[in-house]
>>> print(open('run08.txt').read())   # compact mmCIF, N, CA and C atoms and all ligand atoms
# COMPACT_ATOMS: atom_id res chain seq x y z
N MET A 493 128.56 -19.91 84.70
CA MET A 493 127.68 -20.51 83.67
C MET A 493 128.42 -21.64 82.96
N ASP A 494 128.01 -22.88 83.23
CA ASP A 494 128.69 -23.99 82.56
C ASP A 494 127.99 -24.35 81.24
N LYS A 495 128.64 -25.25 80.51
CA LYS A 495 128.14 -25.57 79.16
C LYS A 495 126.76 -26.21 79.20
N GLN A 496 126.56 -27.09 80.18
CA GLN A 496 125.25 -27.74 80.30
C GLN A 496 124.14 -26.71 80.52
N ALA A 497 124.43 -25.74 81.37
CA ALA A 497 123.43 -24.71 81.68
C ALA A 497 123.14 -23.85 80.46
N LEU A 498 124.19 -23.55 79.68
CA LEU A 498 123.98 -22.73 78.48
C LEU A 498 123.17 -23.51 77.44
N MET A 499 123.44 -24.81 77.32
CA MET A 499 122.65 -25.65 76.40
C MET A 499 121.19 -25.72 76.85
N ALA A 500 120.98 -25.83 78.15
CA ALA A 500 119.61 -25.87 78.67
C ALA A 500 118.88 -24.56 78.34
N GLN A 501 119.59 -23.46 78.41
CA GLN A 501 118.97 -22.17 78.07
C GLN A 501 118.65 -22.09 76.58
N ALA A 502 119.53 -22.66 75.75
CA ALA A 502 119.27 -22.66 74.30
C ALA A 502 118.01 -23.49 74.00
N ILE A 503 117.86 -24.60 74.68
CA ILE A 503 116.66 -25.43 74.48
C ILE A 503 115.41 -24.66 74.92
N GLU A 504 115.52 -23.97 76.05
CA GLU A 504 114.42 -23.14 76.55
C GLU A 504 114.09 -22.01 75.55
N ALA A 505 115.13 -21.45 74.93
CA ALA A 505 114.96 -20.32 74.00
C ALA A 505 114.17 -20.73 72.75
N ARG A 506 114.07 -22.02 72.47
CA ARG A 506 113.26 -22.45 71.32
C ARG A 506 111.81 -21.98 71.45
N LYS A 507 111.37 -21.77 72.70
CA LYS A 507 110.00 -21.30 72.92
C LYS A 507 109.80 -19.88 72.40
N LEU A 508 110.89 -19.15 72.18
CA LEU A 508 110.80 -17.76 71.68
C LEU A 508 110.66 -17.71 70.16
N ALA A 509 110.83 -18.86 69.52
CA ALA A 509 110.82 -18.88 68.06
C ALA A 509 109.42 -18.52 67.51
N TYR A 510 109.43 -17.83 66.39
CA TYR A 510 108.20 -17.52 65.64
C TYR A 510 108.35 -18.22 64.29
N VAL A 511 107.72 -19.39 64.17
CA VAL A 511 108.01 -20.27 63.03
C VAL A 511 106.74 -20.79 62.35
N PRO A 512 105.86 -19.88 61.89
CA PRO A 512 104.61 -20.35 61.29
C PRO A 512 104.82 -21.09 59.97
N TYR A 513 105.97 -20.95 59.34
CA TYR A 513 106.18 -21.54 58.00
C TYR A 513 106.95 -22.85 58.09
N SER A 514 108.06 -22.87 58.80
CA SER A 514 108.85 -24.11 58.89
C SER A 514 108.40 -24.98 60.06
N ASN A 515 107.80 -24.38 61.08
CA ASN A 515 107.48 -25.11 62.31
C ASN A 515 108.74 -25.71 62.95
N PHE A 516 109.88 -25.15 62.66
CA PHE A 516 111.17 -25.66 63.12
C PHE A 516 111.76 -24.65 64.11
N GLN A 517 111.62 -24.99 65.39
CA GLN A 517 112.07 -24.05 66.43
C GLN A 517 113.56 -24.21 66.70
N VAL A 518 114.25 -23.09 66.68
CA VAL A 518 115.67 -23.08 67.04
C VAL A 518 115.84 -22.08 68.18
N GLY A 519 116.70 -22.42 69.13
CA GLY A 519 116.99 -21.52 70.25
C GLY A 519 118.48 -21.28 70.36
N ALA A 520 118.85 -20.08 70.79
CA ALA A 520 120.26 -19.77 71.02
C ALA A 520 120.40 -19.05 72.35
N ALA A 521 121.52 -19.33 73.02
CA ALA A 521 121.84 -18.66 74.29
C ALA A 521 123.28 -18.16 74.20
N LEU A 522 123.41 -16.86 74.25
CA LEU A 522 124.71 -16.20 74.06
C LEU A 522 125.21 -15.68 75.40
N LEU A 523 126.39 -16.17 75.81
CA LEU A 523 126.98 -15.77 77.10
C LEU A 523 127.98 -14.63 76.87
N THR A 524 127.78 -13.52 77.56
CA THR A 524 128.71 -12.39 77.42
C THR A 524 129.83 -12.52 78.45
N ASP A 525 130.85 -11.70 78.24
CA ASP A 525 131.99 -11.68 79.16
C ASP A 525 131.56 -11.32 80.58
N SER A 526 130.53 -10.50 80.67
CA SER A 526 130.07 -10.06 82.00
C SER A 526 129.17 -11.09 82.67
N GLY A 527 128.90 -12.22 81.98
CA GLY A 527 128.12 -13.29 82.59
C GLY A 527 126.64 -13.24 82.28
N LYS A 528 126.25 -12.25 81.48
CA LYS A 528 124.83 -12.15 81.11
C LYS A 528 124.53 -13.10 79.94
N VAL A 529 123.32 -13.62 79.90
CA VAL A 529 122.93 -14.50 78.79
C VAL A 529 121.80 -13.85 78.00
N TYR A 530 122.01 -13.74 76.70
CA TYR A 530 120.97 -13.25 75.79
C TYR A 530 120.39 -14.45 75.05
N LEU A 531 119.05 -14.54 75.04
CA LEU A 531 118.38 -15.63 74.34
C LEU A 531 117.85 -15.16 73.00
N GLY A 532 117.76 -16.08 72.06
CA GLY A 532 117.15 -15.76 70.77
C GLY A 532 116.44 -16.96 70.20
N GLY A 533 115.33 -16.71 69.51
CA GLY A 533 114.65 -17.73 68.72
C GLY A 533 114.67 -17.30 67.26
N ASN A 534 114.44 -18.25 66.35
CA ASN A 534 114.34 -17.85 64.94
C ASN A 534 113.00 -17.16 64.70
N ILE A 535 113.05 -16.15 63.84
CA ILE A 535 111.87 -15.32 63.56
C ILE A 535 111.63 -15.33 62.06
N GLU A 536 110.52 -15.93 61.66
CA GLU A 536 110.26 -16.12 60.23
C GLU A 536 109.38 -15.01 59.66
N ASN A 537 109.23 -15.03 58.34
CA ASN A 537 108.48 -13.98 57.66
C ASN A 537 107.79 -14.59 56.45
N ALA A 538 106.62 -14.06 56.10
CA ALA A 538 105.89 -14.54 54.92
C ALA A 538 106.75 -14.38 53.66
N ALA A 539 107.61 -13.40 53.65
CA ALA A 539 108.65 -13.30 52.61
C ALA A 539 109.82 -14.14 53.13
N TYR A 540 109.86 -15.39 52.71
CA TYR A 540 110.69 -16.40 53.39
C TYR A 540 112.16 -15.99 53.56
N SER A 541 112.67 -15.27 52.57
CA SER A 541 114.11 -14.97 52.61
C SER A 541 114.46 -14.04 53.77
N LEU A 542 113.45 -13.47 54.41
CA LEU A 542 113.71 -12.57 55.54
C LEU A 542 113.75 -13.29 56.88
N CYS A 543 113.64 -14.60 56.87
CA CYS A 543 113.71 -15.34 58.13
C CYS A 543 115.04 -15.07 58.83
N ASN A 544 114.97 -14.85 60.13
CA ASN A 544 116.19 -14.58 60.91
C ASN A 544 116.43 -15.74 61.87
N CYS A 545 117.65 -16.26 61.81
CA CYS A 545 117.97 -17.42 62.66
C CYS A 545 118.10 -17.03 64.13
N ALA A 546 117.98 -18.03 64.98
CA ALA A 546 118.08 -17.85 66.43
C ALA A 546 119.43 -17.26 66.83
N GLU A 547 120.49 -17.74 66.20
CA GLU A 547 121.84 -17.27 66.54
C GLU A 547 121.95 -15.77 66.32
N ARG A 548 121.46 -15.32 65.15
CA ARG A 548 121.56 -13.89 64.84
C ARG A 548 120.61 -13.08 65.71
N THR A 549 119.46 -13.62 66.06
CA THR A 549 118.57 -12.89 66.97
C THR A 549 119.29 -12.61 68.28
N ALA A 550 119.91 -13.64 68.86
CA ALA A 550 120.61 -13.47 70.16
C ALA A 550 121.77 -12.50 70.03
N LEU A 551 122.55 -12.66 68.95
CA LEU A 551 123.71 -11.77 68.78
C LEU A 551 123.29 -10.32 68.56
N PHE A 552 122.27 -10.11 67.75
CA PHE A 552 121.86 -8.73 67.46
C PHE A 552 121.20 -8.09 68.68
N LYS A 553 120.51 -8.89 69.47
CA LYS A 553 119.96 -8.35 70.73
C LYS A 553 121.10 -7.83 71.60
N ALA A 554 122.09 -8.67 71.81
CA ALA A 554 123.20 -8.29 72.70
C ALA A 554 123.97 -7.10 72.13
N PHE A 555 124.33 -7.21 70.88
CA PHE A 555 125.18 -6.17 70.26
C PHE A 555 124.48 -4.82 70.28
N SER A 556 123.19 -4.83 69.99
CA SER A 556 122.46 -3.55 69.92
C SER A 556 122.17 -2.98 71.30
N GLU A 557 122.39 -3.77 72.34
CA GLU A 557 122.31 -3.25 73.71
C GLU A 557 123.68 -2.78 74.20
N GLY A 558 124.69 -2.87 73.33
CA GLY A 558 126.03 -2.42 73.71
C GLY A 558 126.86 -3.50 74.38
N ASP A 559 126.33 -4.72 74.47
CA ASP A 559 127.06 -5.86 75.06
C ASP A 559 127.78 -6.57 73.92
N LYS A 560 129.08 -6.32 73.81
CA LYS A 560 129.78 -6.68 72.57
C LYS A 560 130.92 -7.68 72.74
N VAL A 561 131.11 -8.20 73.95
CA VAL A 561 132.19 -9.17 74.16
C VAL A 561 131.57 -10.48 74.63
N TYR A 562 131.84 -11.54 73.85
CA TYR A 562 131.14 -12.80 74.07
C TYR A 562 132.09 -13.94 74.41
N LYS A 563 131.58 -14.85 75.23
CA LYS A 563 132.38 -16.00 75.68
C LYS A 563 131.98 -17.28 74.99
N ALA A 564 130.68 -17.46 74.74
CA ALA A 564 130.19 -18.71 74.17
C ALA A 564 128.77 -18.53 73.67
N ILE A 565 128.40 -19.39 72.72
CA ILE A 565 126.99 -19.44 72.30
C ILE A 565 126.59 -20.91 72.23
N ALA A 566 125.38 -21.20 72.68
CA ALA A 566 124.82 -22.54 72.52
C ALA A 566 123.60 -22.42 71.61
N VAL A 567 123.42 -23.42 70.75
CA VAL A 567 122.31 -23.43 69.79
C VAL A 567 121.64 -24.80 69.87
N ALA A 568 120.30 -24.81 69.86
CA ALA A 568 119.59 -26.08 69.98
C ALA A 568 118.40 -26.14 69.03
N ALA A 569 118.19 -27.31 68.46
CA ALA A 569 117.03 -27.57 67.61
C ALA A 569 116.72 -29.06 67.68
N ASP A 570 115.55 -29.43 67.15
CA ASP A 570 115.15 -30.85 67.14
C ASP A 570 115.65 -31.49 65.85
N THR A 571 116.95 -31.73 65.81
CA THR A 571 117.62 -32.24 64.61
C THR A 571 118.16 -33.65 64.90
N PRO A 572 118.40 -34.45 63.83
CA PRO A 572 118.93 -35.80 64.04
C PRO A 572 120.34 -35.80 64.63
N GLN A 573 121.13 -34.78 64.25
CA GLN A 573 122.46 -34.57 64.83
C GLN A 573 122.45 -33.18 65.45
N ALA A 574 123.49 -32.84 66.19
CA ALA A 574 123.59 -31.49 66.75
C ALA A 574 123.40 -30.48 65.61
N VAL A 575 122.61 -29.44 65.87
CA VAL A 575 122.22 -28.51 64.80
C VAL A 575 123.44 -27.80 64.21
N SER A 576 123.38 -27.59 62.89
CA SER A 576 124.49 -26.94 62.19
C SER A 576 124.09 -25.52 61.79
N PRO A 577 124.82 -24.51 62.25
CA PRO A 577 124.45 -23.13 61.91
C PRO A 577 124.58 -22.87 60.41
N CYS A 578 123.69 -22.05 59.87
CA CYS A 578 123.72 -21.75 58.44
C CYS A 578 124.91 -20.82 58.11
N GLY A 579 125.15 -20.67 56.84
CA GLY A 579 126.28 -19.85 56.40
C GLY A 579 126.18 -18.40 56.83
N ALA A 580 124.97 -17.85 56.81
CA ALA A 580 124.80 -16.44 57.21
C ALA A 580 125.20 -16.26 58.68
N CYS A 581 124.77 -17.18 59.52
CA CYS A 581 125.12 -17.07 60.96
C CYS A 581 126.60 -17.27 61.17
N ARG A 582 127.22 -18.16 60.42
CA ARG A 582 128.67 -18.35 60.54
C ARG A 582 129.39 -17.05 60.19
N GLN A 583 128.93 -16.39 59.15
CA GLN A 583 129.55 -15.12 58.74
C GLN A 583 129.34 -14.04 59.80
N VAL A 584 128.15 -13.96 60.37
CA VAL A 584 127.87 -12.95 61.40
C VAL A 584 128.68 -13.25 62.67
N MET A 585 128.80 -14.52 63.04
CA MET A 585 129.64 -14.86 64.20
C MET A 585 131.10 -14.49 63.93
N ALA A 586 131.56 -14.72 62.69
CA ALA A 586 132.95 -14.37 62.34
C ALA A 586 133.18 -12.87 62.48
N GLU A 587 132.15 -12.08 62.24
CA GLU A 587 132.26 -10.62 62.35
C GLU A 587 132.25 -10.15 63.81
N LEU A 588 131.35 -10.71 64.61
CA LEU A 588 131.07 -10.12 65.93
C LEU A 588 131.68 -10.88 67.12
N CYS A 589 132.20 -12.07 66.87
CA CYS A 589 132.70 -12.90 67.98
C CYS A 589 134.19 -13.19 67.80
N PRO A 590 134.90 -13.48 68.90
CA PRO A 590 136.30 -13.86 68.77
C PRO A 590 136.43 -15.17 67.98
N PRO A 591 137.50 -15.32 67.17
CA PRO A 591 137.63 -16.53 66.34
C PRO A 591 137.65 -17.82 67.15
N ASP A 592 138.21 -17.75 68.37
CA ASP A 592 138.31 -18.97 69.18
C ASP A 592 137.15 -19.12 70.16
N MET A 593 136.10 -18.33 69.98
CA MET A 593 134.93 -18.45 70.87
C MET A 593 134.27 -19.82 70.74
N VAL A 594 133.86 -20.35 71.86
CA VAL A 594 133.23 -21.68 71.88
C VAL A 594 131.80 -21.59 71.33
N VAL A 595 131.49 -22.50 70.43
CA VAL A 595 130.13 -22.64 69.89
C VAL A 595 129.66 -24.05 70.23
N ILE A 596 128.60 -24.13 71.01
CA ILE A 596 128.10 -25.44 71.47
C ILE A 596 126.79 -25.72 70.75
N LEU A 597 126.83 -26.76 69.92
CA LEU A 597 125.66 -27.10 69.10
C LEU A 597 125.05 -28.37 69.65
N THR A 598 123.73 -28.38 69.76
CA THR A 598 123.11 -29.55 70.37
C THR A 598 121.74 -29.82 69.75
N ASN A 599 121.09 -30.87 70.23
CA ASN A 599 119.73 -31.19 69.80
C ASN A 599 118.95 -31.70 71.02
N LEU A 600 117.73 -32.14 70.80
CA LEU A 600 116.90 -32.54 71.94
C LEU A 600 117.26 -33.92 72.48
N LYS A 601 118.05 -34.67 71.68
CA LYS A 601 118.48 -36.00 72.15
C LYS A 601 119.75 -35.93 72.98
N GLY A 602 120.36 -34.74 73.04
CA GLY A 602 121.57 -34.58 73.83
C GLY A 602 122.87 -34.76 73.07
N ASP A 603 122.78 -34.87 71.72
CA ASP A 603 124.02 -34.85 70.94
C ASP A 603 124.66 -33.47 71.09
N VAL A 604 125.98 -33.45 71.16
CA VAL A 604 126.69 -32.18 71.32
C VAL A 604 127.86 -32.14 70.34
N TRP A 605 127.98 -31.01 69.67
CA TRP A 605 129.14 -30.72 68.80
C TRP A 605 129.72 -29.42 69.31
N GLU A 606 130.88 -29.51 69.94
CA GLU A 606 131.51 -28.30 70.45
C GLU A 606 132.58 -27.86 69.47
N THR A 607 132.47 -26.63 68.99
CA THR A 607 133.38 -26.15 67.98
C THR A 607 133.72 -24.68 68.28
N THR A 608 134.31 -24.01 67.31
CA THR A 608 134.63 -22.58 67.49
C THR A 608 134.17 -21.81 66.26
N VAL A 609 134.16 -20.50 66.41
CA VAL A 609 133.74 -19.62 65.31
C VAL A 609 134.62 -19.84 64.08
N SER A 610 135.93 -19.90 64.27
CA SER A 610 136.82 -20.02 63.10
C SER A 610 136.76 -21.40 62.47
N GLU A 611 136.51 -22.43 63.28
CA GLU A 611 136.35 -23.78 62.71
C GLU A 611 135.09 -23.84 61.83
N LEU A 612 134.07 -23.07 62.21
CA LEU A 612 132.82 -23.10 61.45
C LEU A 612 132.92 -22.34 60.12
N LEU A 613 133.87 -21.42 60.04
CA LEU A 613 134.01 -20.67 58.78
C LEU A 613 135.48 -20.35 58.52
N PRO A 614 136.25 -21.38 58.14
CA PRO A 614 137.65 -21.12 57.84
C PRO A 614 137.74 -20.20 56.63
N GLY A 615 138.70 -19.28 56.68
CA GLY A 615 138.90 -18.38 55.54
C GLY A 615 137.80 -17.37 55.38
N ALA A 616 137.14 -17.01 56.48
CA ALA A 616 136.01 -16.06 56.40
C ALA A 616 136.43 -14.74 55.76
N PHE A 617 135.52 -14.15 55.05
CA PHE A 617 135.71 -12.77 54.55
C PHE A 617 135.54 -11.85 55.75
N THR A 618 136.54 -11.02 56.02
CA THR A 618 136.49 -10.14 57.20
C THR A 618 136.84 -8.71 56.83
N LYS A 619 136.83 -7.85 57.83
CA LYS A 619 137.15 -6.43 57.57
C LYS A 619 138.58 -6.27 57.06
N GLU A 620 139.45 -7.24 57.37
CA GLU A 620 140.83 -7.16 56.84
C GLU A 620 140.83 -7.23 55.31
N ASP A 621 139.87 -7.99 54.77
CA ASP A 621 139.80 -8.14 53.31
C ASP A 621 139.38 -6.85 52.61
N LEU A 622 138.81 -5.91 53.36
CA LEU A 622 138.33 -4.67 52.76
C LEU A 622 139.46 -3.64 52.60
N ARG A 623 140.62 -3.98 53.18
CA ARG A 623 141.74 -3.05 53.07
C ARG A 623 142.35 -3.14 51.68
N GLY A 624 142.46 -1.97 51.03
CA GLY A 624 143.00 -1.96 49.66
C GLY A 624 144.52 -2.09 49.63
O1 LIG A 701 121.16 -22.98 62.76
C1 LIG A 701 120.02 -22.66 62.37
C2 LIG A 701 119.41 -23.27 61.26
C3 LIG A 701 118.14 -22.85 60.90
N1 LIG A 701 117.51 -21.87 61.60
C4 LIG A 701 116.13 -21.46 61.25
C5 LIG A 701 115.95 -20.63 60.02
C6 LIG A 701 114.51 -20.95 59.66
O2 LIG A 701 113.63 -20.16 60.46
C7 LIG A 701 114.34 -22.40 60.09
C8 LIG A 701 114.45 -23.41 58.96
O3 LIG A 701 115.65 -23.22 58.26
O4 LIG A 701 115.36 -22.64 61.05
C9 LIG A 701 118.08 -21.28 62.71
O5 LIG A 701 117.48 -20.43 63.37
N2 LIG A 701 119.34 -21.68 63.04
ZN ZN A 702 121.54 -19.07 60.54
>>> encode(input="run08.txt", output="structure tokens", more="lines below")
Ligand SMILES: O=c1ccn([C@H]2C[C@H](O)[C@@H](CO)O2)c(=O)[nH]1
Ligand SMILES: [Zn+2]
Amino acid sequence: MDKQALMAQAIEARKLAYVPYSNFQVGAALLTDSGKVYLGGNIENAAYSLCNCAERTALFKAFSEGDKVYKAIAVAADTPQAVSPCGACRQVMAELCPPDMVVILTNLKGDVWETTVSELLPGAFTKEDLRG
């Protein structure tokens, strides 16, 4: 699974979005160590604060199926620049993904921002911080 293919899957995953309020479709494609890809779209709610981003949909799908080791995630939206994950998703990626995992952010124009989990959230609050 190369980066282009993962980005193409993230763009395809936008079709899974449920976005009656923002009309802003986001797609994510999460590649596991075993080579499987989990797709996610953002899922909104009439109680707006309960909206779930595409990144977290894909991660929670994989994690709750017992697939817990990840190689890369691609995220796509129709944004002027490569889409930027929100703070909640950065925190969830910091919890569930390796710090040096590749995060490929893109848009429909083909802009690409390739980064890592730790670059997206330097100094993240982690389970180490819970140690007294
Ligand atoms: O990286 C992002 C940024 C935003 N959203 C969703 C949340 C909400 O449904 C909509 C507008 O913020 O886009 C994502 O899924 N991923
Ligand atoms: Zn998010």
>>> residues_around(input="run08.txt", residues="Leu597 of chain A", least_positions_apart="5", cutoff="10 Å", atoms="only C-alpha atoms", output="MDAnalysis selection string")
chainID A and resid 499 502 520 565:569 573:577 602:607
>>> select_by_dssp(input="run08.txt", residues="chain A", states="strand (DSSP E)", output="ChimeraX atom specification")
/A:518-524,529-533,562-569,594-599,604-608
>>> residues_around(input="run08.txt", residues="segment 612-622 of chain A", least_positions_apart="6", cutoff="7 Å", atoms="only N, CA and C atoms", output="list in words")
Arg582, Gln583, Ala586 and Glu587 of chain A
>>> select_by_dssp(input="run08.txt", residues="segment 539-578 of chain A", states="alpha helix (DSSP H)", output="PyMOL selection string")
chain A and resi 546-556
>>> write_last_selection(input="run08.txt", atoms="N, CA and C atoms", output="PDB file, in the coordinates of the input")
ATOM      1  N   ALA A 546     117.980 -18.030  64.980  1.00  0.00           N
ATOM      2  CA  ALA A 546     118.080 -17.850  66.430  1.00  0.00           C
ATOM      3  C   ALA A 546     119.430 -17.260  66.830  1.00  0.00           C
ATOM      4  N   GLU A 547     120.490 -17.740  66.200  1.00  0.00           N
ATOM      5  CA  GLU A 547     121.840 -17.270  66.540  1.00  0.00           C
ATOM      6  C   GLU A 547     121.950 -15.770  66.320  1.00  0.00           C
ATOM      7  N   ARG A 548     121.460 -15.320  65.150  1.00  0.00           N
ATOM      8  CA  ARG A 548     121.560 -13.890  64.840  1.00  0.00           C
ATOM      9  C   ARG A 548     120.610 -13.080  65.710  1.00  0.00           C
ATOM     10  N   THR A 549     119.460 -13.620  66.060  1.00  0.00           N
ATOM     11  CA  THR A 549     118.570 -12.890  66.970  1.00  0.00           C
ATOM     12  C   THR A 549     119.290 -12.610  68.280  1.00  0.00           C
ATOM     13  N   ALA A 550     119.910 -13.640  68.860  1.00  0.00           N
ATOM     14  CA  ALA A 550     120.610 -13.470  70.160  1.00  0.00           C
ATOM     15  C   ALA A 550     121.770 -12.500  70.030  1.00  0.00           C
ATOM     16  N   LEU A 551     122.550 -12.660  68.950  1.00  0.00           N
ATOM     17  CA  LEU A 551     123.710 -11.770  68.780  1.00  0.00           C
ATOM     18  C   LEU A 551     123.290 -10.320  68.560  1.00  0.00           C
ATOM     19  N   PHE A 552     122.270 -10.110  67.750  1.00  0.00           N
ATOM     20  CA  PHE A 552     121.860  -8.730  67.460  1.00  0.00           C
ATOM     21  C   PHE A 552     121.200  -8.090  68.680  1.00  0.00           C
ATOM     22  N   LYS A 553     120.510  -8.890  69.470  1.00  0.00           N
ATOM     23  CA  LYS A 553     119.960  -8.350  70.730  1.00  0.00           C
ATOM     24  C   LYS A 553     121.100  -7.830  71.600  1.00  0.00           C
ATOM     25  N   ALA A 554     122.090  -8.670  71.810  1.00  0.00           N
ATOM     26  CA  ALA A 554     123.200  -8.290  72.700  1.00  0.00           C
ATOM     27  C   ALA A 554     123.970  -7.100  72.130  1.00  0.00           C
ATOM     28  N   PHE A 555     124.330  -7.210  70.880  1.00  0.00           N
ATOM     29  CA  PHE A 555     125.180  -6.170  70.260  1.00  0.00           C
ATOM     30  C   PHE A 555     124.480  -4.820  70.280  1.00  0.00           C
ATOM     31  N   SER A 556     123.190  -4.830  69.990  1.00  0.00           N
ATOM     32  CA  SER A 556     122.460  -3.550  69.920  1.00  0.00           C
ATOM     33  C   SER A 556     122.170  -2.980  71.300  1.00  0.00           C
TER      34      SER A 556
END
>>> atom_distance(input="run08.txt", atom1="atom C of Phe555 of chain A", atom2="atom CA of Phe516 of chain A")
25.7 Å
>>> closest_atom_pairs(input="run08.txt", of="chain A", to="ligand ZN 702 (chain A)", cutoff="10 Å", atoms="only C-alpha atoms and all ligand atoms", output="tab-separated table")
residue	atom	partner	partner_atom	distance
A:Val518	CA	A:ZN702	ZN	9.6
A:Asn534	CA	A:ZN702	ZN	8.5
A:Cys543	CA	A:ZN702	ZN	9.0
A:Asn544	CA	A:ZN702	ZN	7.0
A:Cys545	CA	A:ZN702	ZN	4.5
A:Ala546	CA	A:ZN702	ZN	6.9
A:Glu547	CA	A:ZN702	ZN	6.3
A:Arg548	CA	A:ZN702	ZN	6.7
A:Thr549	CA	A:ZN702	ZN	9.4
A:Ser576	CA	A:ZN702	ZN	8.6
A:Pro577	CA	A:ZN702	ZN	5.2
A:Cys578	CA	A:ZN702	ZN	4.0
A:Gly579	CA	A:ZN702	ZN	6.3
A:Ala580	CA	A:ZN702	ZN	5.4
A:Cys581	CA	A:ZN702	ZN	4.1
A:Arg582	CA	A:ZN702	ZN	7.2
A:Gln583	CA	A:ZN702	ZN	9.1
A:Val584	CA	A:ZN702	ZN	8.8
A:Met585	CA	A:ZN702	ZN	9.8
>>> closest_residue(input="run08.txt", among="A:Thr608, A:Asn537, A:Gln501, A:Thr524", to="ligand LIG 701 (chain A)", atoms="only C-alpha atoms and all ligand atoms")
A:Asn537
>>> closest_residue(input="run08.txt", among="A:Ala554, A:Ile503, A:Ala509, A:Ala539", to="ligand LIG 701 (chain A)", atoms="only C-alpha atoms and all ligand atoms")
A:Ala509
>>> closest_residue(input="run08.txt", among="A:Lys528, A:Gly533, A:Ala497, A:Leu522", to="ligand LIG 701 (chain A)", atoms="all atoms listed in the file")
A:Gly533
>>> closest_residue(input="run08.txt", among="A:Lys560, A:Lys507, A:Lys601, A:Lys553", to="Cys589 of chain A", atoms="all atoms listed in the file")
A:Lys560
>>> atom_distance(input="run08.txt", atom1="atom C of Ala550 of chain A", atom2="atom N of Gly532 of chain A")
5.7 Å
>>> residues_around(input="run08.txt", residues="Glu611 of chain A", least_positions_apart="6", cutoff="8 Å", atoms="all atoms listed in the file", output="JSON list (two decimals) with N, CA and C atoms, in the coordinates of the input")
[["chain", "number", "residue", "atom", "x", "y", "z"],
["A", 591, "PRO", "N", 137.50, -15.32, 67.17],
["A", 591, "PRO", "CA", 137.63, -16.53, 66.34],
["A", 591, "PRO", "C", 137.65, -17.82, 67.15],
["A", 592, "ASP", "N", 138.21, -17.75, 68.37],
["A", 592, "ASP", "CA", 138.31, -18.97, 69.18],
["A", 592, "ASP", "C", 137.15, -19.12, 70.16],
["A", 593, "MET", "N", 136.10, -18.33, 69.98],
["A", 593, "MET", "CA", 134.93, -18.45, 70.87],
["A", 593, "MET", "C", 134.27, -19.82, 70.74]]
>>> atom_distance(input="run08.txt", atom1="atom N of Ser526 of chain A", atom2="atom N of Gln496 of chain A")
17.1 Å
>>> closest_residue(input="run08.txt", among="A:Gly624, A:Asn515, A:Ala505, A:Ala564", to="ligand LIG 701 (chain A)", atoms="all atoms listed in the file")
A:Asn515
>>> residues_near_point(input="run08.txt", point="(105.8, -19.4, 58.5)", cutoff="7 Å", atoms="all atoms listed in the file", output="list in words")
Tyr510, Val511, Pro512, Tyr513, Ser514, Asn515, Glu536, Asn537 and Ala538 of chain A
>>> closest_residue(input="run08.txt", among="A:Leu588, A:Ile535, A:Leu498, A:Ala521", to="ligand LIG 701 (chain A)", atoms="only C-alpha atoms and all ligand atoms")
A:Ile535
